[in-house]
There are 6 protein chains.
Amino acid sequence: MTIDRKIKMIVEQALSEDIGIGDVTTEALIAADATSRAIILAKQDLVLAGLDVCRAVFQHLNPEIEFTPFAIDGIHVRTGTEIAHLSGITRDLLTGERVALNLLQQMSGIATMTARYVDRIKGLKVALLDTRKTHPGMRQLEKYAVRMGGGRNHRFGLYDGVLIKDNHITAAGSVTKAVELARQKANHLLNIEIETRTLDEVREALAAKADISMLDNMHLDMMREAVKLVNHKAVVEASGNVTLETIRAIA
Amino acid sequence: MTIDRKIKMIVEQALSEDIGIGDVTTEALIAADATSRAIILAKQDLVLAGLDVCRAVFQHLNPEIEFTPFAIDGIHVRTGTEIAHLSGITRDLLTGERVALNLLQQMSGIATMTARYVDRIKGLKVALLDTRKTHPGMRQLEKYAVRMGGGRNHRFGLYDGVLIKDNHITAAGSVTKAVELARQKANHLLNIEIETRTLDEVREALAAKADISMLDNMHLDMMREAVKLVNHKAVVEASGNVTLETIRAIA
Amino acid sequence: MTIDRKIKMIVEQALSEDIGIGDVTTEALIAADATSRAIILAKQDLVLAGLDVCRAVFQHLNPEIEFTPFAIDGIHVRTGTEIAHLSGITRDLLTGERVALNLLQQMSGIATMTARYVDRIKGLKVALLDTRKTHPGMRQLEKYAVRMGGGRNHRFGLYDGVLIKDNHITAAGSVTKAVELARQKANHLLNIEIETRTLDEVREALAAKADISMLDNMHLDMMREAVKLVNHKAVVEASGNVTLETIRAIA
Amino acid sequence: MTIDRKIKMIVEQALSEDIGIGDVTTEALIAADATSRAIILAKQDLVLAGLDVCRAVFQHLNPEIEFTPFAIDGIHVRTGTEIAHLSGITRDLLTGERVALNLLQQMSGIATMTARYVDRIKGLKVALLDTRKTHPGMRQLEKYAVRMGGGRNHRFGLYDGVLIKDNHITAAGSVTKAVELARQKANHLLNIEIETRTLDEVREALAAKADISMLDNMHLDMMREAVKLVNHKAVVEASGNVTLETIRAIA
Amino acid sequence: MTIDRKIKMIVEQALSEDIGIGDVTTEALIAADATSRAIILAKQDLVLAGLDVCRAVFQHLNPEIEFTPFAIDGIHVRTGTEIAHLSGITRDLLTGERVALNLLQQMSGIATMTARYVDRIKGLKVALLDTRKTHPGMRQLEKYAVRMGGGRNHRFGLYDGVLIKDNHITAAGSVTKAVELARQKANHLLNIEIETRTLDEVREALAAKADISMLDNMHLDMMREAVKLVNHKAVVEASGNVTLETIRAIA
Amino acid sequence: MTIDRKIKMIVEQALSEDIGIGDVTTEALIAADATSRAIILAKQDLVLAGLDVCRAVFQHLNPEIEFTPFAIDGIHVRTGTEIAHLSGITRDLLTGERVALNLLQQMSGIATMTARYVDRIKGLKVALLDTRKTHPGMRQLEKYAVRMGGGRNHRFGLYDGVLIKDNHITAAGSVTKAVELARQKANHLLNIEIETRTLDEVREALAAKADISMLDNMHLDMMREAVKLVNHKAVVEASGNVTLETIRAIA
């Protein structure tokens with residue numbers, strides 16, 4: 001539900017921003033009762049994400065627009081594939097076009113890029129996690145697109161996960177004290193993750209029973225050492241300098 | 001004003017999305033009255049855009065945070081430059097960090113890329129125009145970033161400019177009829193722009209006294225021909241296949 | 001669409017303002033399941049505008065109210081004509097009555113007055129334009145009513161047309177400079193209109209290639225002179241002292 | 001407070017409707033830091049209403065605009081009187097002008113017309129009451145303007161007064177039953193007013209102990225008779241056909 | 001209508017507060033297309049209130065959930081009674097459960113307690129009135145629950161009834177002056193109620209023709225005396241120290 | 001911040017609900033410029049919660065009201081203690097009184113009751129946790145009040161903790177499968193809590209490495225057994241039948 005409502009809000013905001021007092025060109029040139037058919041076509045290979053959002057755009061303009069999808073979110077689609085057919089009032093098809101394509105392209109772009117990374121770590125016992133670097137108001141949809149590309153979501157915000165960063169450690173005095181404070185004060189349903197930058201910090205985090213250690217900007221060798229240290233006693237995450245070239249080695 | 005209000009709304013939406021019921025880590029680890037200083041540093045060469053938005057994020061969290069900028073939007077900044085200093089309640093500095101940096105990076109990214117294109121057409125009597133391919137709710141800020149990079153804005157939405165596309169022409173019957181209809185029905189304060197794809201369409205648009213002709217996906221040679229045809233009797237825009245490599249030749 | 005959404009918002013605002021926590025009289029006196037029929041009758045000759053808004057009021061209260069229109073917006077209606085029939089739950093018919101009639105009367109009032117002015121300039125090659133003197137939140141509906149009365153809309157707001165007034169000219173230094181600045185800085189999809197008050201200003205505007213000259217508060221003789229000067233090289237508008245008596249002469 | 005908040009909402013709605021993405025003319029022509037002075041002048045004799053709203057418009061655009069009033073709401077102002085001085089950023093003064101004047105003119109128009117009616121009944125023991133025929137969202141301000149013109153407010157909506165109309169009476173069966181039902185079911189803090197159209201109805205309302213009788217569209221003679229009947233045992237209101245010519249006789 | 005809209009808003013607010021970005025447990029454990037049946041069962045004897053609100057919660061999550069009520073608001077329900085059956089998508093049933101039950105329990109709790117008080121004064125010519133001591137945003141629903149329990153509503157807010165309290169009397173100077181001022185300035189459709197604490201104040205209120213006297217925190221003897229004084233010339237209310245033990249005597 | 005914004009929204013909603021178009025009594029009886037002092041007094045022993053909310057109510061009405069607190073949230077206050085002094089415009093003090101006291105009483109009521117429970121388990125190594133049984137929109141404030149009373153918060157909503165209930169277990173097939181699914185699919189920053197009702201389920205949860213076991217409605221003896229089983233390998237919570245009488249034994 002919430003995702004439906006989120007979609008509705010984003011669609012409304014995007015359409016209102018684009019249309020304002022009206023699509024002056026379409027209103028001047030297209031008869032109010034003219035109807036048309038339209039096709040959404042893949043212009044490149046991609047992993048699809050956002051088809052429901054795309055449909056929501058047109059149906060927000062006019063609930064009677066028929067939207068027939070030929071694919072579903074999460075699948076690989078080749079150049080030239082017909083993704084969906086639309087039919088209905090021409091004015092609404094033209095007025096909604098830009099907003100619908102913007103959202104579909106942005107979300108499929110994320111899914112496609114995620115899939116390329118995930119592809120590199122295929123077969124390994126690791127997962128690709130996302131970040132909080134999203135566009136305002138779009139976090140849920142952008143994190144959904146990551147899932148469609150085969151990635152997993154890290155926390156959604158500052159509220160659904162404890163992640164202790166270097167500034168927090170400095171303020172608390174030490175890794176040990178930081179983990180203790182978090183255990184004592186934060187909601188006990190949340191795991192405690194801590195960013196570590198040296199092997200000493202990894203050891204300290206382990207001793208303090210942090211649930212997850214994020215290895216921040218470590219070299220490959222140091223990471224290897226760290227993973228040995230942890231030895232499955234906690235979950236390990238790697239962060240920083242992850243590119244299509246480095247990801248397999250890191251994983 | 002409206003831009004201030006827009007910034008306020010975006011900042012509120014972004015913070016609310018990120019913080020939800022609270023920054024559990026910071027609230028557990030940082031004393032409520034602890035204060036800190038922070039520096040915003042350029043990690044790469046960039047054209048700055050979004051400094052006011054960045055300030056707005058922190059001051060929305062706490063109006064008493066001091067924000068001292070050492071640069072202004074629109075200037076080129078080198079790696080390592082200190083862009084701004086902040087001081088105030090540590091909790092608010094940590095809680096606002098991600099949202100502030102997200103916005104600053106997204107906007108500066110657009111300004112930087114725009115500036116690279118604009119740089120290629122320096123000295124020529126042309127302007128770089130943007131599109132409506134923006135993120136929901138972010139159009140005003142993203143178009144502002146284009147201006148900071150030296151570009152100019154095309155229309156903001158479907159309401160503040162007549163732009164006749166191929167579907168409109170088909171529906172109207174011909175370029176001539178489309179321009180006539182637009183002149184007759186649309187607000188007379190708006191110019192009439194038309195997408196043309198052949199030299200014949202360019203000629204027809206000219207004869208119909210369209211104010212602006214957009215040359216859509218034409219080859220360089222055809223564009224040259226088209227510009228000759230128009231011969232300053234209307235404004236000409238080129239669209240499609242514009243990259244850092246091709247832009248100078250097109251211009 | 002946007003107009004539908006605007007109507008929905010206005011209807012919601014108006015009903016909520018009128019009903020508050022409830023129509024205490026109707027709730028006390030009318031059984032919840034009682035049904036009735038009602039007729040909307042023209043009490044004077046008028047040009048109809050707002051029938052959809054009227055229907056929206058009742059159907060917002062109860063989507064099952066049947067609303068059968070016997071006229072459409074834009075037509076002349078004589079005293080005593082039945083404009084629409086309604087049937088449904090009595091409570092909803094009584095509760096919505098005042099809001100529905102308020103909107104219908106306000107909009108039809110504008111359409112009727114507009115039609116009287118338009119009638120005076122019948123046969124001439126001119127159009128009657130409206131202004132931005134509207135009630136807060138009602139601009140789209142009031143401008144719609146002008147169209148229903150046969151008038152045309154001037155710009156909808158400060159954003160969809162450049163209109164240079166005397167204060168702008170003073171600030172810019174001269175008519176010429178004002179037009180130049182506007183051409184250079186404003187969105188190139190907008191025409192440039194300028195208010196002129198003397199024949200010299202008209203000449204200057206013409207020389208500066210302003211797209212539209214508004215003749216502000218000029219006497220008939222001066223207007224005639226101005227129109228000669230412009231000689232179809234730009235669009236001319238007249239503003240100020242337009243009454244039912246003067247409009248034909250001005251036109 | 002509520003009135004302040006209402007004003008804020010109306011001002012915000014009106015400005016947002018007028019400005020949209022920006023005042024393109026002013027932004028193109030006026031320097032961002034230019035400052036000016038402005039005077040609000042009465043162009044005709046009027047009773048002032050809306051000065052605070054007017055100030056709110058400009059200060060919403062820019063809290064630093066200085067607004068110095070030389071009058072207060074409710075006073076008679078002669079043609080040519082300087083009502084207020086403004087000084088501040090030129091852009092904000094120009095951008096806010098239309099919205100501020102719209103509201104001031106609409107409200108002063110109501111106050112002025114009210115005052116002319118009130119003037120006709122001076123010296124008599126009666127009050128001039130308003131109706132619910134207002135513009136959407138503007139009821140509180142329009143009723144405020146009535147008070148500034150010397151009138152009194154009837155109920156604000158369907159929720160703060162019981163007013164039994166002919167349809168209610170028909171549905172209830174009789175005047176007596178209608179009053180009984182209202183007394184039994186409606187909030188006992190509300191008086192009960194009933195519309196009467198014949199002397200019999202007036203008698204019945206009196207017998208049923210209605211608190212207020214509205215004489216609906218009665219002739220002067222019948223009204224006189226009705227007032228005698230009531231003989232101060234209830235409050236009497238007259239409604240319908242009240243014009244500047246008839247109001248004294250009715251009163 | 002307004003009550004429907006109010007319910008919608010409360011349901012939306014409550015669900016959004018509870019669900020946030022999603023019901024992580026249910027989404028992880030329950031298949032998206034699994035369906036279930038559920039029963040709402042009375043765990044104790046109660047007077048039902050809120051069944052429509054309860055239905056609204058589930059249907060807001062998914063309009064296709066079937067909700068079959070076996071009771072209606074306002075009736076006494078015994079422990080073990082099946083109040084309603086639900087069937088539909090399991091995820092939606094589980095996700096909505098807490099919010100739906102919270103509202104049903106809160107409202108039925110109020111109705112049940114009200115009914116116990118009303119039961120004590122059965123047969124007497126008095127009514128049980130509520131107060132403005134409600135939870136933010138819940139006043140309409142909580143006052144509805146009072147009605148379902150057999151009580152009557154006092155005013156809904158500060159706007160639909162005049163209630164003069166001791167501070168108002170002090171400020172006005174005397175009971176007499178306070179009533180006079182209220183009659184003169186407040187909307188004449190509202191009755192005037194005054195809080196009295198001594199027999200002298202009751203007498204003065206009577207002389208000033210207050211419509212209602214509230215006896216505030218008086219002993220039983222004094223109340224008896226007060227009621228005699230008033231002798232049906234005004235309505236009398238008792239306030240303060242009303243418990244299940246004292247209510248019959250007071251009544 | 002978010003809590004500040006939440007408070008602002010609740011205060012706005014509560015005031016708007018109570019005041020509507022205005023406090024008719026106060027506006028009729030109290031001069032606009034009259035000022036007063038007021039004292040908030042404890043009428044019974046209580047644990048204070050909501051003082052900031054109380055202040056926010058008055059300052060929302062008028063930012064110039066002076067509010068001087070003599071206590072802070074979380075402390076025990078005896079009958080008769082002066083909690084705060086207020087001074088400012090009399091109208092605002094009277095108009096805000098009911099809403100401010102409602103919130104202060106509701107929140108202090110929760111804190112006081114929580115403190116009584118917490119008092120019973122003093123000295124034991126357990127914490128008192130709250131539930132999601134809150135009023136719509138009030139969850140953050142009501143959970144804050146629990147903390148002020150010495151309790152701790154369980155999850156805030158369905159999004160910040162995995163809590164597997166009996167229906168989830170049934171749907172998943174077994175305790176083991178439910179925990180596995182949750183580990184696999186839910187955000188890895190969240191702990192996994194499971195409701196158990198038999199010792200077998202406790203053993204299974206333990207084997208499946210659930211992080212927290214909630215003992216649902218178990219008898220004291222069974223709980224004792226369960227706690228032995230768990231033997232500090234997971235966190236244990238008890239739920240159901242917790243009263244002031246039973247809480248010590250359970251703890």
# chains A, B, ... in the order shown; residues from 1 in each chain; ligands from 1

$ select_by_dssp --residues "region 43-156 of chain C" --states "helix (DSSP H, G or I)" --output "number ranges by chain"
C: 51-61, 90-120, 139-148

$ interface_residues --of "chain D" --to "chain E" --cutoff "8 Å" --atoms "only C-alpha atoms" --output "PyMOL selection string"
chain D and resi 153-155+159-162+187-193

$ atom_distance --atom1 "CA of Thr95 (chain A)" --atom2 "CA of Val175 (chain B)"
19.6 Å

$ atom_distance --atom1 "CA of Ala208 (chain D)" --atom2 "CA of Ser213 (chain E)"
22.5 Å

$ select_by_dssp --residues "region 76-214 of chain D" --states "strand (DSSP E or B)" --output "PDB file with N, CA, C and O atoms, in the first residue's frame"
ATOM      1  N   HIS D  76     -13.675  55.394   6.474  1.00  0.00           N
ATOM      2  CA  HIS D  76     -13.987  55.943   5.156  1.00  0.00           C
ATOM      3  C   HIS D  76     -12.760  56.679   4.644  1.00  0.00           C
ATOM      4  O   HIS D  76     -12.159  57.474   5.374  1.00  0.00           O
ATOM      5  N   VAL D  77     -12.399  56.426   3.404  1.00  0.00           N
ATOM      6  CA  VAL D  77     -11.196  57.015   2.820  1.00  0.00           C
ATOM      7  C   VAL D  77     -11.607  57.743   1.544  1.00  0.00           C
ATOM      8  O   VAL D  77     -12.382  57.225   0.756  1.00  0.00           O
ATOM      9  N   GLU D  82      -3.514  58.679   0.595  1.00  0.00           N
ATOM     10  CA  GLU D  82      -2.446  57.685   0.629  1.00  0.00           C
ATOM     11  C   GLU D  82      -2.757  56.689   1.740  1.00  0.00           C
ATOM     12  O   GLU D  82      -2.814  57.041   2.903  1.00  0.00           O
ATOM     13  N   ILE D  83      -2.986  55.462   1.366  1.00  0.00           N
ATOM     14  CA  ILE D  83      -3.391  54.441   2.322  1.00  0.00           C
ATOM     15  C   ILE D  83      -2.192  53.800   3.011  1.00  0.00           C
ATOM     16  O   ILE D  83      -2.213  53.524   4.198  1.00  0.00           O
ATOM     17  N   ALA D  84      -1.119  53.584   2.252  1.00  0.00           N
ATOM     18  CA  ALA D  84       0.080  52.993   2.853  1.00  0.00           C
ATOM     19  C   ALA D  84       1.305  53.295   2.004  1.00  0.00           C
ATOM     20  O   ALA D  84       1.201  53.532   0.800  1.00  0.00           O
ATOM     21  N   HIS D  85       2.444  53.318   2.656  1.00  0.00           N
ATOM     22  CA  HIS D  85       3.731  53.416   1.964  1.00  0.00           C
ATOM     23  C   HIS D  85       4.452  52.078   2.081  1.00  0.00           C
ATOM     24  O   HIS D  85       4.378  51.422   3.119  1.00  0.00           O
ATOM     25  N   LEU D  86       5.165  51.710   1.021  1.00  0.00           N
ATOM     26  CA  LEU D  86       5.974  50.488   1.072  1.00  0.00           C
ATOM     27  C   LEU D  86       7.386  50.812   0.642  1.00  0.00           C
ATOM     28  O   LEU D  86       7.584  51.663  -0.238  1.00  0.00           O
ATOM     29  N   SER D  87       8.348  50.128   1.235  1.00  0.00           N
ATOM     30  CA  SER D  87       9.687  50.234   0.662  1.00  0.00           C
ATOM     31  C   SER D  87      10.422  48.917   0.839  1.00  0.00           C
ATOM     32  O   SER D  87      10.200  48.190   1.805  1.00  0.00           O
ATOM     33  N   GLY D  88      11.250  48.601  -0.144  1.00  0.00           N
ATOM     34  CA  GLY D  88      11.987  47.339  -0.091  1.00  0.00           C
ATOM     35  C   GLY D  88      12.485  46.960  -1.469  1.00  0.00           C
ATOM     36  O   GLY D  88      12.524  47.783  -2.383  1.00  0.00           O
ATOM     37  N   ILE D  89      12.856  45.704  -1.590  1.00  0.00           N
ATOM     38  CA  ILE D  89      13.382  45.168  -2.843  1.00  0.00           C
ATOM     39  C   ILE D  89      12.361  45.376  -3.974  1.00  0.00           C
ATOM     40  O   ILE D  89      11.218  44.928  -3.871  1.00  0.00           O
ATOM     41  N   LEU D 129     -27.385  41.996   8.058  1.00  0.00           N
ATOM     42  CA  LEU D 129     -26.731  40.683   8.151  1.00  0.00           C
ATOM     43  C   LEU D 129     -26.274  40.233   6.769  1.00  0.00           C
ATOM     44  O   LEU D 129     -26.898  40.558   5.766  1.00  0.00           O
ATOM     45  N   ARG D 152     -23.359  43.068  10.298  1.00  0.00           N
ATOM     46  CA  ARG D 152     -23.101  41.965  11.230  1.00  0.00           C
ATOM     47  C   ARG D 152     -23.114  40.667  10.449  1.00  0.00           C
ATOM     48  O   ARG D 152     -23.702  40.575   9.373  1.00  0.00           O
ATOM     49  N   VAL D 162     -28.755  26.870  13.418  1.00  0.00           N
ATOM     50  CA  VAL D 162     -29.830  26.083  12.812  1.00  0.00           C
ATOM     51  C   VAL D 162     -30.695  27.046  12.003  1.00  0.00           C
ATOM     52  O   VAL D 162     -31.188  28.033  12.545  1.00  0.00           O
ATOM     53  N   LEU D 163     -30.836  26.813  10.729  1.00  0.00           N
ATOM     54  CA  LEU D 163     -31.711  27.650   9.902  1.00  0.00           C
ATOM     55  C   LEU D 163     -32.613  26.718   9.087  1.00  0.00           C
ATOM     56  O   LEU D 163     -32.172  26.068   8.142  1.00  0.00           O
ATOM     57  N   ILE D 164     -33.888  26.685   9.501  1.00  0.00           N
ATOM     58  CA  ILE D 164     -34.850  25.779   8.881  1.00  0.00           C
ATOM     59  C   ILE D 164     -35.481  26.454   7.664  1.00  0.00           C
ATOM     60  O   ILE D 164     -36.097  27.514   7.794  1.00  0.00           O
ATOM     61  N   LEU D 190     -27.177  26.036  20.130  1.00  0.00           N
ATOM     62  CA  LEU D 190     -27.543  26.801  18.940  1.00  0.00           C
ATOM     63  C   LEU D 190     -28.993  27.261  19.009  1.00  0.00           C
ATOM     64  O   LEU D 190     -29.875  26.499  19.411  1.00  0.00           O
ATOM     65  N   ILE D 192     -32.578  28.445  17.234  1.00  0.00           N
ATOM     66  CA  ILE D 192     -33.303  27.865  16.111  1.00  0.00           C
ATOM     67  C   ILE D 192     -33.990  28.978  15.322  1.00  0.00           C
ATOM     68  O   ILE D 192     -34.825  29.709  15.855  1.00  0.00           O
ATOM     69  N   GLU D 193     -33.570  29.117  14.053  1.00  0.00           N
ATOM     70  CA  GLU D 193     -34.163  30.131  13.186  1.00  0.00           C
ATOM     71  C   GLU D 193     -34.971  29.420  12.113  1.00  0.00           C
ATOM     72  O   GLU D 193     -34.605  28.342  11.654  1.00  0.00           O
ATOM     73  N   ILE D 194     -36.075  30.014  11.718  1.00  0.00           N
ATOM     74  CA  ILE D 194     -36.926  29.382  10.721  1.00  0.00           C
ATOM     75  C   ILE D 194     -37.377  30.399   9.687  1.00  0.00           C
ATOM     76  O   ILE D 194     -37.667  31.555  10.018  1.00  0.00           O
ATOM     77  N   GLU D 195     -37.354  29.992   8.428  1.00  0.00           N
ATOM     78  CA  GLU D 195     -37.832  30.850   7.343  1.00  0.00           C
ATOM     79  C   GLU D 195     -39.348  30.758   7.267  1.00  0.00           C
ATOM     80  O   GLU D 195     -39.899  29.655   7.171  1.00  0.00           O
ATOM     81  N   THR D 196     -40.021  31.888   7.285  1.00  0.00           N
ATOM     82  CA  THR D 196     -41.486  31.868   7.198  1.00  0.00           C
ATOM     83  C   THR D 196     -41.911  32.692   5.988  1.00  0.00           C
ATOM     84  O   THR D 196     -41.292  33.695   5.655  1.00  0.00           O
ATOM     85  N   ILE D 212     -35.784  32.587  16.310  1.00  0.00           N
ATOM     86  CA  ILE D 212     -35.680  33.643  15.304  1.00  0.00           C
ATOM     87  C   ILE D 212     -36.581  33.293  14.119  1.00  0.00           C
ATOM     88  O   ILE D 212     -36.620  32.146  13.686  1.00  0.00           O
ATOM     89  N   SER D 213     -37.331  34.294  13.626  1.00  0.00           N
ATOM     90  CA  SER D 213     -38.124  34.089  12.421  1.00  0.00           C
ATOM     91  C   SER D 213     -37.549  34.926  11.298  1.00  0.00           C
ATOM     92  O   SER D 213     -37.379  36.137  11.437  1.00  0.00           O
ATOM     93  N   MET D 214     -37.223  34.278  10.181  1.00  0.00           N
ATOM     94  CA  MET D 214     -36.799  35.035   9.014  1.00  0.00           C
ATOM     95  C   MET D 214     -38.022  35.192   8.116  1.00  0.00           C
ATOM     96  O   MET D 214     -38.668  34.204   7.761  1.00  0.00           O
TER      97      MET D 214
END

$ atom_distance --atom1 "CA of Gly50 (chain C)" --atom2 "CA of Leu104 (chain C)"
5.0 Å

$ residues_around --residues "Gln140 (chain D)" --least-positions-apart "3" --cutoff "12 Å" --atoms "only C-alpha atoms" --output "VMD selection string"
(chain C and resid 14 17 to 18) or (chain D and resid 2 to 7 9 to 10 50 107 130 to 137 143 to 147 153 to 157) or (chain F and resid 20 to 22)

$ write_last_selection --atoms "C-alpha atoms" --output "short mmCIF file (atom, residue, chain, number, x, y, z; two decimals), in the first residue's frame"
data_model
loop_
_atom_site.label_atom_id
_atom_site.label_comp_id
_atom_site.auth_asym_id
_atom_site.auth_seq_id
_atom_site.Cartn_x
_atom_site.Cartn_y
_atom_site.Cartn_z
CA ALA C 14 -15.72 25.38 -0.57
CA GLU C 17 -15.61 25.81 4.57
CA ASP C 18 -19.41 25.69 4.45
CA THR D 2 -7.22 31.35 12.92
CA ILE D 3 -7.80 34.51 10.97
CA ASP D 4 -4.03 35.03 10.69
CA ARG D 5 -3.60 31.49 9.50
CA LYS D 6 -6.47 31.90 7.04
CA ILE D 7 -4.86 35.05 5.69
CA MET D 9 -3.16 30.41 3.43
CA ILE D 10 -5.05 32.72 1.08
CA GLY D 50 -7.95 44.24 3.88
CA MET D 107 -12.50 43.38 0.42
CA ASP D 130 -24.74 38.94 5.44
CA THR D 131 -25.24 35.58 3.67
CA ARG D 132 -23.23 32.52 2.70
CA LYS D 133 -22.89 33.77 -0.91
CA THR D 134 -19.11 34.08 -0.84
CA HIS D 135 -16.16 32.98 -2.97
CA PRO D 136 -14.60 29.58 -2.15
CA GLY D 137 -12.07 29.87 0.65
CA LYS D 143 -17.47 38.33 6.29
CA TYR D 144 -14.75 40.36 7.97
CA ALA D 145 -15.19 42.98 5.23
CA VAL D 146 -18.93 43.08 5.98
CA ARG D 147 -18.11 43.87 9.62
CA ASN D 153 -22.45 38.36 10.32
CA HIS D 154 -25.13 35.73 10.02
CA ARG D 155 -23.90 32.16 10.48
CA PHE D 156 -20.48 31.25 8.97
CA GLY D 157 -21.56 27.90 7.68
CA GLY F 20 -12.44 26.61 13.87
CA ILE F 21 -13.50 30.08 12.78
CA GLY F 22 -12.83 31.56 16.20
#
